[in-house]
>>> print(open('work-v2.cif').read())   # mmCIF, C-alpha atoms
data_query
#
loop_
_atom_site.label_atom_id
_atom_site.label_comp_id
_atom_site.auth_asym_id
_atom_site.auth_seq_id
_atom_site.Cartn_x
_atom_site.Cartn_y
_atom_site.Cartn_z
CA MET A 1 -48.57 154.29 -72.96
CA ASN A 2 -45.76 153.94 -70.44
CA LEU A 3 -47.17 151.34 -68.12
CA GLN A 4 -43.97 151.33 -66.06
CA ASP A 5 -44.84 154.86 -64.90
CA TYR A 6 -48.14 153.70 -63.46
CA LEU A 7 -47.49 150.20 -62.18
CA PRO A 8 -44.91 150.10 -59.38
CA PHE A 9 -44.50 146.35 -59.79
CA TRP A 10 -43.50 146.69 -63.47
CA ALA A 11 -39.78 146.15 -62.73
CA LYS A 12 -40.57 142.83 -61.08
CA LEU A 13 -42.53 141.37 -64.00
CA THR A 14 -41.05 138.96 -66.50
CA ASP A 15 -40.80 140.02 -70.16
CA MET A 16 -43.66 137.68 -70.95
CA GLN A 17 -45.87 139.18 -68.26
CA ARG A 18 -45.08 142.70 -69.47
CA LYS A 19 -45.99 141.78 -73.02
CA THR A 20 -49.29 140.21 -71.93
CA LEU A 21 -50.16 143.28 -69.92
CA GLN A 22 -49.14 145.71 -72.66
CA ASN A 23 -51.35 143.89 -75.17
CA ALA A 24 -54.33 143.68 -72.83
CA VAL A 25 -54.70 147.25 -71.60
CA THR A 26 -56.91 149.79 -73.32
CA PRO A 27 -56.99 153.56 -72.91
CA MET A 28 -60.38 155.03 -72.06
CA HIS A 29 -61.77 158.51 -71.77
CA PHE A 30 -64.58 159.42 -69.40
CA SER A 31 -66.51 162.68 -69.50
CA ALA A 32 -67.12 164.76 -66.39
CA GLY A 33 -70.16 163.41 -64.56
CA GLU A 34 -70.11 159.99 -66.22
CA VAL A 35 -70.82 156.97 -63.98
CA ILE A 36 -68.16 154.48 -65.03
CA HIS A 37 -68.78 151.60 -62.67
CA SER A 38 -71.81 150.64 -60.68
CA GLY A 39 -72.08 147.65 -58.41
CA SER A 40 -70.46 144.26 -58.42
CA ASP A 41 -72.11 142.80 -61.53
CA ASP A 42 -70.03 145.19 -63.51
CA CYS A 43 -66.49 143.79 -63.49
CA THR A 44 -64.85 145.88 -66.18
CA GLY A 45 -61.31 145.76 -64.88
CA LEU A 46 -58.86 147.91 -62.96
CA PHE A 47 -58.90 151.58 -63.82
CA VAL A 48 -55.52 153.28 -63.67
CA VAL A 49 -56.04 157.04 -63.63
CA VAL A 50 -53.76 158.86 -66.06
CA SER A 51 -55.27 162.31 -65.62
CA GLY A 52 -58.48 163.67 -64.13
CA ARG A 53 -60.34 162.56 -61.03
CA LEU A 54 -62.63 159.68 -60.11
CA ARG A 55 -64.95 159.57 -57.13
CA ALA A 56 -65.97 156.36 -55.34
CA TYR A 57 -69.20 156.49 -53.38
CA THR A 58 -72.07 154.45 -52.00
CA LEU A 59 -75.77 155.17 -51.93
CA SER A 60 -77.88 155.04 -48.79
CA ASP A 61 -81.38 153.59 -48.85
CA GLU A 62 -82.73 157.10 -49.26
CA GLY A 63 -80.47 157.66 -52.25
CA LYS A 64 -78.04 159.90 -50.39
CA GLU A 65 -74.48 159.67 -51.68
CA LEU A 66 -71.54 159.13 -49.37
CA THR A 67 -68.13 159.80 -50.89
CA LEU A 68 -65.69 157.07 -49.84
CA TYR A 69 -62.52 158.30 -51.54
CA ARG A 70 -61.19 159.96 -54.65
CA LEU A 71 -58.68 158.68 -57.17
CA LEU A 72 -56.22 161.06 -58.77
CA SER A 73 -53.49 160.59 -61.36
CA ARG A 74 -51.59 157.29 -60.86
CA ASP A 75 -54.20 155.93 -58.45
CA ILE A 76 -55.64 152.52 -59.26
CA CYS A 77 -59.20 151.43 -58.63
CA LEU A 78 -59.37 147.85 -57.46
CA PHE A 79 -63.06 147.60 -56.75
CA SER A 80 -64.12 148.06 -60.35
CA ALA A 81 -62.58 144.59 -60.73
CA SER A 82 -64.09 143.14 -57.57
CA CYS A 83 -64.95 139.85 -59.27
CA MET A 84 -61.21 139.10 -59.00
CA MET A 85 -61.61 138.40 -55.31
CA ASN A 86 -64.21 136.20 -53.70
CA SER A 87 -64.16 138.05 -50.44
CA ILE A 88 -65.23 141.45 -51.73
CA ALA A 89 -68.87 141.62 -50.71
CA PHE A 90 -69.74 145.26 -51.23
CA ASP A 91 -70.49 147.55 -54.09
CA ILE A 92 -69.18 150.97 -54.86
CA ILE A 93 -70.16 153.40 -57.57
CA LEU A 94 -67.44 155.15 -59.49
CA SER A 95 -67.90 158.32 -61.46
CA ALA A 96 -65.62 160.76 -63.25
CA GLU A 97 -65.71 164.12 -61.49
CA VAL A 98 -63.87 165.87 -64.29
CA ASP A 99 -62.84 164.69 -67.77
CA THR A 100 -60.64 161.71 -67.03
CA ASP A 101 -58.21 159.58 -69.00
CA ALA A 102 -57.56 156.10 -67.70
CA ILE A 103 -56.01 152.80 -68.66
CA VAL A 104 -58.13 149.71 -68.12
CA ILE A 105 -56.53 146.38 -67.20
CA PRO A 106 -58.98 143.51 -67.74
CA SER A 107 -59.84 141.70 -64.50
CA ASP A 108 -58.80 138.24 -65.68
CA ILE A 109 -55.38 139.45 -66.87
CA TYR A 110 -54.71 141.18 -63.57
CA LYS A 111 -55.97 138.21 -61.59
CA SER A 112 -53.65 135.83 -63.39
CA LEU A 113 -50.69 138.19 -62.81
CA MET A 114 -51.62 138.36 -59.13
CA ASP A 115 -51.65 134.56 -58.95
CA GLN A 116 -48.19 134.38 -60.51
CA SER A 117 -46.39 137.29 -58.94
CA ALA A 118 -45.92 138.04 -55.24
CA ALA A 119 -44.98 141.61 -56.24
CA VAL A 120 -48.34 142.18 -57.95
CA ALA A 121 -50.28 140.54 -55.12
CA GLY A 122 -48.29 142.53 -52.55
CA TYR A 123 -48.98 145.77 -54.37
CA THR A 124 -52.66 144.88 -54.49
CA ASN A 125 -52.56 144.45 -50.70
CA GLU A 126 -51.15 147.94 -50.33
CA LEU A 127 -53.84 149.35 -52.63
CA MET A 128 -56.59 147.68 -50.65
CA ALA A 129 -55.06 148.76 -47.34
CA SER A 130 -55.03 152.39 -48.57
CA ARG A 131 -58.68 152.33 -49.51
CA PHE A 132 -59.52 150.48 -46.29
CA SER A 133 -57.73 153.24 -44.37
CA ASP A 134 -59.73 155.90 -46.24
CA VAL A 135 -62.96 154.20 -45.27
CA MET A 136 -61.92 153.70 -41.65
CA TRP A 137 -61.03 157.38 -41.45
CA LEU A 138 -64.39 158.32 -42.89
CA MET A 139 -66.19 156.04 -40.44
CA ASP A 140 -64.34 157.74 -37.62
CA GLN A 141 -65.49 161.11 -38.95
CA LEU A 142 -69.07 159.92 -39.17
CA LEU A 143 -68.92 158.67 -35.60
CA ASN A 144 -67.14 161.65 -34.17
CA HIS A 145 -68.46 164.51 -36.30
CA LYS A 146 -66.24 167.02 -34.75
CA LEU A 147 -62.85 167.91 -36.09
CA ASP A 148 -64.24 168.76 -39.53
CA SER A 149 -66.57 171.44 -38.24
CA ARG A 150 -64.06 172.70 -35.70
CA LEU A 151 -61.42 173.05 -38.40
CA ALA A 152 -63.83 174.80 -40.79
CA ALA A 153 -64.95 177.14 -38.02
CA PHE A 154 -61.37 177.94 -37.10
CA LEU A 155 -60.37 178.72 -40.71
CA LEU A 156 -63.41 180.98 -41.19
CA GLU A 157 -62.77 182.80 -37.94
CA GLU A 158 -59.15 183.47 -38.87
CA ARG A 159 -60.29 184.68 -42.28
CA SER A 160 -62.57 187.23 -40.61
CA LEU A 161 -59.79 188.32 -38.28
CA THR A 162 -57.13 188.71 -40.95
CA GLY A 163 -59.42 189.85 -43.76
CA SER A 164 -57.66 187.45 -46.13
CA ASP A 165 -58.61 184.13 -47.77
CA THR A 166 -55.01 182.97 -47.47
CA LEU A 167 -53.85 182.09 -43.98
CA PRO A 168 -50.10 181.84 -43.44
CA TYR A 169 -50.44 179.01 -40.94
CA THR A 170 -48.58 175.73 -40.71
CA HIS A 171 -50.53 172.56 -39.97
CA GLU A 172 -48.68 172.45 -36.67
CA ARG A 173 -50.02 175.81 -35.66
CA ILE A 174 -53.59 174.92 -36.67
CA ALA A 175 -53.33 171.65 -34.73
CA ALA A 176 -52.16 173.54 -31.65
CA HIS A 177 -55.15 175.87 -31.96
CA LEU A 178 -57.54 172.95 -32.18
CA GLY A 179 -55.84 170.94 -29.47
CA SER A 180 -55.36 168.13 -31.96
CA ALA A 181 -52.41 166.16 -33.38
CA ARG A 182 -50.57 167.56 -36.41
CA GLU A 183 -51.12 164.37 -38.48
CA VAL A 184 -54.84 164.42 -37.80
CA VAL A 185 -55.14 168.03 -38.94
CA THR A 186 -52.99 167.37 -42.02
CA ARG A 187 -55.25 164.51 -43.02
CA MET A 188 -58.37 166.63 -42.59
CA LEU A 189 -56.83 169.55 -44.52
CA LYS A 190 -55.96 167.16 -47.36
CA TYR A 191 -59.52 165.90 -47.33
CA PHE A 192 -60.75 169.51 -47.47
CA GLN A 193 -58.43 170.00 -50.44
CA THR A 194 -59.76 167.00 -52.39
CA GLU A 195 -63.22 168.38 -51.63
CA GLN A 196 -61.98 171.66 -53.13
CA LEU A 197 -62.74 173.62 -49.99
CA VAL A 198 -59.17 174.82 -49.50
CA HIS A 199 -55.93 174.96 -51.43
CA LEU A 200 -52.79 173.96 -49.54
CA GLU A 201 -49.31 175.30 -50.02
CA ARG A 202 -46.23 175.01 -47.87
CA GLY A 203 -47.00 177.08 -44.78
CA SER A 204 -50.35 178.40 -45.96
CA VAL A 205 -53.99 177.45 -46.42
CA THR A 206 -56.22 179.29 -48.91
CA LEU A 207 -59.97 179.06 -48.45
CA THR A 208 -61.59 178.37 -51.81
CA ASP A 209 -65.21 177.51 -51.00
CA ILE A 210 -66.41 179.78 -48.24
CA ASP A 211 -70.06 178.76 -48.49
CA ARG A 212 -69.40 175.07 -48.01
CA LEU A 213 -66.93 175.77 -45.22
CA TYR A 214 -69.69 177.66 -43.42
CA GLN A 215 -72.01 174.74 -43.96
CA ILE A 216 -69.44 172.32 -42.51
CA ALA A 217 -68.70 174.61 -39.59
CA GLU A 218 -72.36 174.41 -38.73
CA GLU A 219 -73.04 170.77 -39.42
CA SER A 220 -70.51 168.17 -40.47
CA LEU A 221 -69.03 166.62 -43.60
CA ARG A 222 -72.18 164.76 -44.57
CA MET B 1 -50.03 122.33 -33.95
CA ASN B 2 -51.26 121.48 -37.41
CA LEU B 3 -50.60 124.69 -39.26
CA GLN B 4 -51.89 123.18 -42.49
CA ASP B 5 -55.40 123.14 -40.98
CA TYR B 6 -55.32 126.88 -40.40
CA LEU B 7 -53.34 128.28 -43.29
CA PRO B 8 -55.01 127.66 -46.66
CA PHE B 9 -51.78 128.53 -48.50
CA TRP B 10 -49.82 125.79 -46.68
CA ALA B 11 -49.90 123.42 -49.66
CA LYS B 12 -48.25 126.07 -51.84
CA LEU B 13 -45.31 126.72 -49.54
CA THR B 14 -41.86 125.21 -50.07
CA ASP B 15 -40.47 122.81 -47.45
CA MET B 16 -38.11 125.54 -46.33
CA GLN B 17 -40.92 128.06 -45.89
CA ARG B 18 -42.96 125.53 -43.94
CA LYS B 19 -40.06 124.86 -41.63
CA THR B 20 -39.44 128.58 -41.04
CA LEU B 21 -43.09 129.12 -40.24
CA GLN B 22 -43.35 126.08 -37.99
CA ASN B 23 -40.35 127.26 -35.97
CA ALA B 24 -41.58 130.83 -35.70
CA VAL B 25 -45.15 130.41 -34.47
CA THR B 26 -46.08 130.37 -30.81
CA PRO B 27 -49.30 129.26 -29.17
CA MET B 28 -50.95 131.80 -26.89
CA HIS B 29 -53.87 131.77 -24.52
CA PHE B 30 -55.99 134.82 -23.83
CA SER B 31 -58.50 135.08 -20.99
CA ALA B 32 -62.04 136.34 -21.52
CA GLY B 33 -62.02 140.13 -21.45
CA GLU B 34 -58.31 140.54 -22.11
CA VAL B 35 -57.28 143.31 -24.54
CA ILE B 36 -54.72 141.60 -26.75
CA HIS B 37 -53.86 144.31 -29.24
CA SER B 38 -54.29 148.03 -29.08
CA GLY B 39 -53.27 150.47 -31.80
CA SER B 40 -50.62 150.41 -34.47
CA ASP B 41 -47.55 150.73 -32.24
CA ASP B 42 -48.26 147.26 -31.13
CA CYS B 43 -47.21 144.98 -33.99
CA THR B 44 -47.23 141.60 -32.30
CA GLY B 45 -47.99 139.46 -35.31
CA LEU B 46 -50.90 137.70 -36.95
CA PHE B 47 -53.28 135.95 -34.60
CA VAL B 48 -54.75 132.74 -35.93
CA VAL B 49 -57.74 131.78 -33.80
CA VAL B 50 -57.73 128.12 -32.80
CA SER B 51 -60.72 128.26 -30.47
CA GLY B 52 -62.64 131.01 -28.77
CA ARG B 53 -63.66 134.44 -30.08
CA LEU B 54 -61.89 137.75 -30.65
CA ARG B 55 -63.61 141.10 -31.12
CA ALA B 56 -62.14 143.95 -33.18
CA TYR B 57 -63.40 147.42 -32.35
CA THR B 58 -62.59 151.10 -32.44
CA LEU B 59 -63.15 153.79 -29.85
CA SER B 60 -64.92 157.05 -30.57
CA ASP B 61 -63.68 160.34 -29.09
CA GLU B 62 -66.21 159.90 -26.31
CA GLY B 63 -64.86 156.44 -25.56
CA LYS B 64 -67.80 154.61 -27.12
CA GLU B 65 -66.88 151.24 -28.60
CA LEU B 66 -67.91 150.25 -32.09
CA THR B 67 -67.56 146.56 -32.92
CA LEU B 68 -66.07 146.17 -36.41
CA TYR B 69 -66.07 142.39 -36.69
CA ARG B 70 -65.49 139.20 -34.78
CA LEU B 71 -62.97 136.45 -35.39
CA LEU B 72 -63.91 132.85 -34.74
CA SER B 73 -61.99 129.59 -35.03
CA ARG B 74 -59.70 129.56 -38.12
CA ASP B 75 -60.06 133.31 -38.69
CA ILE B 76 -56.85 135.28 -38.96
CA CYS B 77 -56.34 138.80 -37.70
CA LEU B 78 -54.20 140.82 -40.07
CA PHE B 79 -54.38 144.18 -38.39
CA SER B 80 -52.54 143.08 -35.28
CA ALA B 81 -49.58 142.95 -37.69
CA SER B 82 -50.35 146.24 -39.42
CA CYS B 83 -46.69 147.30 -39.45
CA MET B 84 -46.32 144.75 -42.28
CA MET B 85 -48.02 147.12 -44.68
CA ASN B 86 -47.21 150.79 -45.15
CA SER B 87 -50.68 151.68 -46.29
CA ILE B 88 -52.56 150.63 -43.17
CA ALA B 89 -53.27 153.94 -41.49
CA PHE B 90 -55.82 153.02 -38.86
CA ASP B 91 -55.88 151.37 -35.49
CA ILE B 92 -58.12 148.70 -34.14
CA ILE B 93 -58.37 147.24 -30.68
CA LEU B 94 -58.63 143.51 -30.30
CA SER B 95 -59.93 141.74 -27.26
CA ALA B 96 -60.80 138.16 -26.35
CA GLU B 97 -64.53 137.87 -25.73
CA VAL B 98 -64.23 134.39 -24.28
CA ASP B 99 -61.20 132.31 -23.34
CA THR B 100 -59.31 132.02 -26.60
CA ASP B 101 -56.46 129.92 -27.91
CA ALA B 102 -54.50 131.34 -30.81
CA ILE B 103 -51.32 130.85 -32.78
CA VAL B 104 -49.17 133.92 -33.32
CA ILE B 105 -47.14 134.34 -36.49
CA PRO B 106 -44.49 137.07 -36.06
CA SER B 107 -45.03 140.02 -38.43
CA ASP B 108 -41.58 139.88 -40.02
CA ILE B 109 -41.86 136.17 -40.80
CA TYR B 110 -45.27 136.62 -42.42
CA LYS B 111 -44.09 139.70 -44.32
CA SER B 112 -41.14 137.83 -45.79
CA LEU B 113 -43.40 134.92 -46.81
CA MET B 114 -45.76 137.40 -48.44
CA ASP B 115 -42.89 138.91 -50.40
CA GLN B 116 -41.83 135.47 -51.64
CA SER B 117 -45.11 133.75 -52.29
CA ALA B 118 -47.97 134.94 -54.51
CA ALA B 119 -50.19 132.39 -52.72
CA VAL B 120 -49.55 133.97 -49.31
CA ALA B 121 -49.96 137.51 -50.69
CA GLY B 122 -53.13 136.48 -52.51
CA TYR B 123 -54.59 134.93 -49.38
CA THR B 124 -53.75 138.11 -47.49
CA ASN B 125 -55.72 140.04 -50.11
CA GLU B 126 -58.73 137.82 -49.50
CA LEU B 127 -58.41 138.30 -45.72
CA MET B 128 -58.27 142.05 -46.08
CA ALA B 129 -61.17 142.07 -48.53
CA SER B 130 -63.29 140.11 -46.01
CA ARG B 131 -62.63 142.57 -43.21
CA PHE B 132 -63.13 145.48 -45.60
CA SER B 133 -66.49 143.99 -46.54
CA ASP B 134 -67.43 143.66 -42.86
CA VAL B 135 -66.65 147.31 -42.29
CA MET B 136 -68.50 148.47 -45.42
CA TRP B 137 -71.52 146.50 -44.29
CA LEU B 138 -71.34 148.10 -40.86
CA MET B 139 -71.01 151.55 -42.41
CA ASP B 140 -74.09 150.85 -44.44
CA GLN B 141 -75.94 149.87 -41.26
CA LEU B 142 -74.82 153.01 -39.50
CA LEU B 143 -75.99 155.12 -42.42
CA ASN B 144 -79.26 153.33 -42.93
CA HIS B 145 -80.22 152.32 -39.40
CA LYS B 146 -83.18 150.39 -40.47
CA LEU B 147 -83.10 146.73 -41.26
CA ASP B 148 -81.66 145.83 -37.87
CA SER B 149 -84.54 147.32 -35.91
CA ARG B 150 -87.13 146.15 -38.39
CA LEU B 151 -85.79 142.59 -38.17
CA ALA B 152 -85.67 142.67 -34.37
CA ALA B 153 -89.20 144.09 -34.24
CA PHE B 154 -90.47 141.43 -36.62
CA LEU B 155 -88.90 138.57 -34.63
CA LEU B 156 -90.34 139.90 -31.36
CA GLU B 157 -93.77 140.35 -32.88
CA GLU B 158 -93.82 136.79 -34.21
CA ARG B 159 -92.67 135.56 -30.79
CA SER B 160 -95.67 137.26 -29.17
CA LEU B 161 -97.99 135.86 -31.80
CA THR B 162 -96.74 132.28 -31.59
CA GLY B 163 -95.88 132.27 -27.89
CA SER B 164 -92.56 130.58 -28.69
CA ASP B 165 -88.93 131.71 -28.73
CA THR B 166 -88.25 129.45 -31.70
CA LEU B 167 -89.72 130.59 -34.98
CA PRO B 168 -89.91 127.98 -37.77
CA TYR B 169 -89.19 130.53 -40.50
CA THR B 170 -86.78 130.39 -43.39
CA HIS B 171 -84.66 133.45 -44.19
CA GLU B 172 -86.62 133.70 -47.42
CA ARG B 173 -89.88 134.02 -45.57
CA ILE B 174 -88.48 136.64 -43.18
CA ALA B 175 -87.09 138.59 -46.12
CA ALA B 176 -90.47 138.52 -47.82
CA HIS B 177 -92.10 139.88 -44.65
CA LEU B 178 -89.59 142.70 -44.45
CA GLY B 179 -89.67 143.47 -48.16
CA SER B 180 -85.95 142.86 -48.30
CA ALA B 181 -83.58 140.55 -50.21
CA ARG B 182 -82.87 137.10 -48.79
CA GLU B 183 -79.07 137.65 -48.75
CA VAL B 184 -79.46 140.88 -46.83
CA VAL B 185 -81.62 139.23 -44.18
CA THR B 186 -79.26 136.25 -43.94
CA ARG B 187 -76.32 138.56 -43.33
CA MET B 188 -78.22 140.46 -40.64
CA LEU B 189 -79.38 137.22 -38.97
CA LYS B 190 -75.78 135.99 -38.92
CA TYR B 191 -74.73 139.27 -37.37
CA PHE B 192 -77.47 138.84 -34.75
CA GLN B 193 -76.10 135.38 -34.12
CA THR B 194 -72.51 136.54 -33.56
CA GLU B 195 -74.00 139.14 -31.22
CA GLN B 196 -75.71 136.22 -29.43
CA LEU B 197 -79.17 137.65 -29.96
CA VAL B 198 -80.48 134.66 -31.87
CA HIS B 199 -79.48 131.10 -32.61
CA LEU B 200 -79.89 129.94 -36.20
CA GLU B 201 -80.72 126.47 -37.39
CA ARG B 202 -81.86 125.25 -40.76
CA GLY B 203 -85.37 126.64 -41.20
CA SER B 204 -85.63 128.20 -37.74
CA VAL B 205 -84.54 131.15 -35.67
CA THR B 206 -84.42 131.00 -31.87
CA LEU B 207 -84.45 134.26 -29.95
CA THR B 208 -81.83 134.11 -27.20
CA ASP B 209 -81.57 137.68 -25.90
CA ILE B 210 -85.03 139.17 -25.75
CA ASP B 211 -84.00 142.29 -23.83
CA ARG B 212 -81.38 143.35 -26.33
CA LEU B 213 -83.68 142.55 -29.24
CA TYR B 214 -86.24 144.93 -27.72
CA GLN B 215 -83.55 147.56 -27.41
CA ILE B 216 -82.57 147.13 -31.07
CA ALA B 217 -86.17 147.16 -32.20
CA GLU B 218 -86.47 150.56 -30.57
CA GLU B 219 -83.16 152.09 -31.53
CA SER B 220 -80.51 150.54 -33.71
CA LEU B 221 -77.40 148.37 -33.46
CA ARG B 222 -75.27 151.04 -31.85
#
>>> encode(input="work-v2.cif", output="structure tokens")
Amino acid sequence: MNLQDYLPFWAKLTDMQRKTLQNAVTPMHFSAGEVIHSGSDDCTGLFVVVSGRLRAYTLSDEGKELTLYRLLSRDICLFSASCMMNSIAFDIILSAEVDTDAIVIPSDIYKSLMDQSAAVAGYTNELMASRFSDVMWLMDQLLNHKLDSRLAAFLLEERSLTGSDTLPYTHERIAAHLGSAREVVTRMLKYFQTEQLVHLERGSVTLTDIDRLYQIAEESLR
Amino acid sequence: MNLQDYLPFWAKLTDMQRKTLQNAVTPMHFSAGEVIHSGSDDCTGLFVVVSGRLRAYTLSDEGKELTLYRLLSRDICLFSASCMMNSIAFDIILSAEVDTDAIVIPSDIYKSLMDQSAAVAGYTNELMASRFSDVMWLMDQLLNHKLDSRLAAFLLEERSLTGSDTLPYTHERIAAHLGSAREVVTRMLKYFQTEQLVHLERGSVTLTDIDRLYQIAEESLR
């Protein structure tokens, strides 16, 4: 296991810290569909995704799931080790969407590294800020409910016009059509891609789940 | 200005770091209603609230405000220095709700402290986790839309029954009435208090904004 490939702060650790970490981590395999973390009582450790895909979500009172974000190869899940930080007062559920290989770093080992090393603590800040940004973006979507359906509607309309599932459009061009900013459209297209609704390539968008795109065009992401 | 009273990591700084910080901070006064930070281009620094109250909110496409959290005395606002971290990809607006005195720590000074000191970086993690928790709680409210109106309705009903604005009820008792957990009710009551709808004292709740409570009982927090 080449931890240095997965932990950007590796170069800034002491030999001792590297050895501790190397001895503490364990590889784990999760099967597609498996719930691997559920709520704050369950403080397994940090999951570092080697291959596969994890989904983080919450449950509403009525049992409806809301996807918060997804973790792909090299992403690290902090909230499965939420006991590390006093101020984390929410629960997420984490499941493997496909067969997933991960490395688990025990919470106490990571916590003690974080207390010793500004590089580890700083990296943890960046991780949390990324997930925070994901959630803020989602909240904005929930409040605004608009760009998602407008984008889906636009892609479907162009598909009808061109008779092809692959649209040779840049994000810039799509943004211009929607009267939106390029970055905003790029972010939404990437979200569509992680939801497996489209496949993105340089200068083109391929529609891969027409049914769900129609659904979104009519309603919204939820 | 006694920085040590406001910065929990003060004791773990070197003399040099303390001196740098002491020389870099500036006191600021904000008038009630003043917008003091708006969007990510504006990277003033970290605001440490000395007295008063700041409100962090976002704007929907239709210009509707959504309050994310409030900052009271000794709270620190991280996101007014969001340029410090690459992974912060969202904007908040910050305004003074009442006349507010704050200390401003320039972003670059704080960033360099964070890079040097695991204690500063660790504290920053806790700050971010607190705000993240606030936002996750709010998201849950937006998705569930229930406890807030049920709690408001319950308080108003008891007020009618007893003929008094002050209800001698513990949070436990209120939770039992609502079929909810004590912690959940406590958190909602505290939120009501920061919204100035109620005033909490040990073993009692005083209703201070009857009109808005009626509104919430009928609709929801938004």
>>> closest_atom_pairs(input="work-v2.cif", of="region 96-201 of chain A", to="region 124-132 of chain B", cutoff="9 Å", atoms="all atoms listed in the file", output="tab-separated table")
residue	atom	partner	partner_atom	distance
A:Ala121	CA	B:Asn125	CA	7.4
A:Gly122	CA	B:Asn125	CA	8.2
A:Thr124	CA	B:Asn125	CA	7.2
A:Asn125	CA	B:Asn125	CA	5.5
A:Met128	CA	B:Met128	CA	7.4
A:Ala129	CA	B:Met128	CA	7.5
A:Phe132	CA	B:Phe132	CA	6.2
A:Val135	CA	B:Phe132	CA	8.7
>>> resolve_selection(input="work-v2.cif", expression="the PyMOL selection byres ((chain A) within 10 of (chain B))", output="PyMOL selection string")
chain A and resi 58-62+64+66+82+84-92+111+113-146
>>> resolve_selection(input="work-v2.cif", expression="the PyMOL selection byres ((chain A and resi 185-190) around 10)", output="PyMOL selection string")
chain A and resi 137+141+147-148+151-152+170-176+178-184+191-200+205
>>> resolve_selection(input="work-v2.cif", expression="the PyMOL selection byres ((chain B and resi 39) around 7)", output="ChimeraX atom specification")
/B:37-38,40-42,91-93
>>> residues_around(input="work-v2.cif", residues="Tyr214 (chain B)", least_positions_apart="2", cutoff="12 Å", atoms="all atoms listed in the file", output="JSON, numbers by chain")
{"B": [148, 149, 150, 151, 152, 153, 154, 155, 156, 157, 159, 197, 207, 208, 209, 210, 211, 212, 216, 217, 218, 219, 220, 221]}
>>> residues_around(input="work-v2.cif", residues="Val104 (chain B)", least_positions_apart="4", cutoff="10 Å", atoms="all atoms listed in the file", output="MDAnalysis selection string")
chainID B and resid 24:28 44:49 76:77 80
>>> closest_residue(input="work-v2.cif", among="A:Tyr57, A:Tyr69, A:Trp10, A:Tyr169", to="Gln22 (chain A)", atoms="all atoms listed in the file")
A:Trp10
>>> atom_distance(input="work-v2.cif", atom1="CA of Ala96 (chain B)", atom2="CA of Ile36 (chain B)")
7.0 Å
>>> atom_distance(input="work-v2.cif", atom1="CA of Leu94 (chain A)", atom2="CA of Gln215 (chain A)")
25.4 Å
>>> residues_around(input="work-v2.cif", residues="Asp101 (chain A)", least_positions_apart="3", cutoff="7 Å", atoms="only C-alpha atoms", output="JSON, numbers by chain")
{"A": [28, 29, 30, 49, 50, 51, 52]}
>>> atom_distance(input="work-v2.cif", atom1="CA of Gly203 (chain B)", atom2="CA of Glu158 (chain B)")
14.9 Å
>>> axis_aligned_box(input="work-v2.cif", around="region 92-109 of chain A", padding_each_side="6 Å", output="AutoDock Vina command-line options")
--center_x -62.8 --center_y 152.1 --center_z -61.9 --size_x 26.8 --size_y 39.6 --size_z 26.1
